[in-house]
Amino acid sequence: MSSRRNHSVLASWFGRKRREVKGASRSKRLVDERKKHERSRRLRDIYALLKSWKSRGETTPPPSVSNAMAALVKDISLAASTQLEERKGIQRDSGNRKFSLSKRRERGASLGGALMAVPICLPSLLMMGLVVSQAIESSRFSSKRLARLEDSYLQATEEANNAAIELILLKRLNLSESALNTNRSRYIKMLVDAGRFEEARRFVRSIPFDGSERTGELQLTAALALSKAGITDDASKREFESRLVIAVADPVTSDRARAQLGRFFRQTGQFRASESILEPIRATEQGCLELALLRYAQGQFSDIPTTLAPYLVRWRERWLAPKSQADIESSAEPLILMNQESIVLETLDNPPVPVAPDVAEKIRIEAAKTLIDREFRSGTLRLWNALEEIERHYDRLPCSEIWIEPILKLSSQNSPTRDRAILQRDRMAFGKPCPASFLNAFARKAIDFGEFAFAEKLLESIRSGSPEDFDSRETLARLLLEKKAKDDERLANLAKASDLVDSVLSESPDRPAAIAIRGRIREEKGQLTEALKDLRTAVEADPRNVGLHEAIARVSSKCGQPDLARIHEELARELKPKE
């Protein structure tokens, strides 16, 4: 019993001595533990700052990172110096005189100096930390994790969860893996389906061109995004065409890319190129349809039934019993080409399957446009039928530019339908609130038809509602320039047109239409050199404008430059549409 008691007394004595040598009471140990946790927390904060610095792509550490690192190093160095002093006192009390006081101070000072020197090599330490963190982050994405992401993507697609789809695709796009092009295609399609066309265009343009034979799907999707965002300038046209050409080289997407490229060439008036690119796929369904559309654009209407014959039965069956909106879309165009536009328009009022409003509107526009064109081609006796079709279908497509030219033809001076067509024309222009773009287009076309009073009334209505609109000012200046008037009134119109153009160019000096009108005004005033300069500037922005080429030929002839006049006369003759 006494031996056990002696053992516990000895144990407690040795424990007390050990704690004394260690120099740490319980309360002090708790304080030290808190300091350790505080340093750990500050290290985590610095790591978060490092990640944000990396994401911003800066080359030098920001002041927040440098200051935080310096404060932490100072704290560590002070803690080390304090600990050295404490150990020095303990060693002195316990009789350990192995090191002299001066040497201990030297060691403490050298350690503190080394720690304080850390900020000097801070960039290297930071880069090392970033490399390690990147390696850790990359190691997390194993093949199993990629498989789980793919399953999550498929599930989100089935549930139509757009937010989840985007998040998963963004995660996968950050990985360097073999399916990168597939994920790019998926992301572009997701943006297009969501109507985020500008974002899709920006993302497409961030993808480098790859001429390899296995990127067809990506390039085809990229071309789709560009077409949805709008192909408005020469640069976007070249990019669209280049991506389709790359997709043609991929056997998987060759046929689809040829159909898209043939359509693009047809829509831009390159009929020979369209025929050439479509010839290898003329036996396919899409090839037949595109060739039939090409025949229609060329005015070869008698060839259309023969071209559509191989798949006509299939298209009719698909239209009568569609399984989805895709069946409606794919069969509408051939039926329209086969003079069944009325059936298409009637079916769209109560479609057998749900059809998105934008898709229905697109099909309706094509059907109405083709129907009216066919009535006009049938001769004067069919003009009344054309007017009735416009009256019947206008309410379904209000403020659509497809009605402008037909109604102006029907309301022209020598048309038998003039009086009734004028009522419909005024209803289109003033009966419903339409956007300024539609009214400006209506006014420009009315000027072409010589309907100056109607055009002027239209432009005044635009200017009363939108006085800052540039297009209405330009169109009104053109109207004043072209309207016939007596000498005094002519000079007044010329001065007013000049003021309108100057007001536009003072706010937007690079508008080609305003520059062209100013050139014509200067021609009227006899300022031929300045007029020629303006007209040549304008034609660079609109090289297919017949009127500009004719004006340049006229002014250059007056300036004594017959060679230049001859060149632009030939260009105007080639560009003028064939009757």
# chains A, B, ... in the order shown; residues from 1 in each chain; ligands from 1

$ residues_around --residues "Asp358 of chain A" --least-positions-apart "3" --cutoff "12 Å" --atoms "only C-alpha atoms" --output "PyMOL selection string"
chain A and resi 195+325+329+348+354-355+361-365+397

$ select_by_dssp --residues "segment 364-488 of chain A" --states "helix (DSSP H, G or I)" --output "PyMOL selection string"
chain A and resi 364-377+380-396+401-410+418-430+436-448+452-465+470-482+487-488
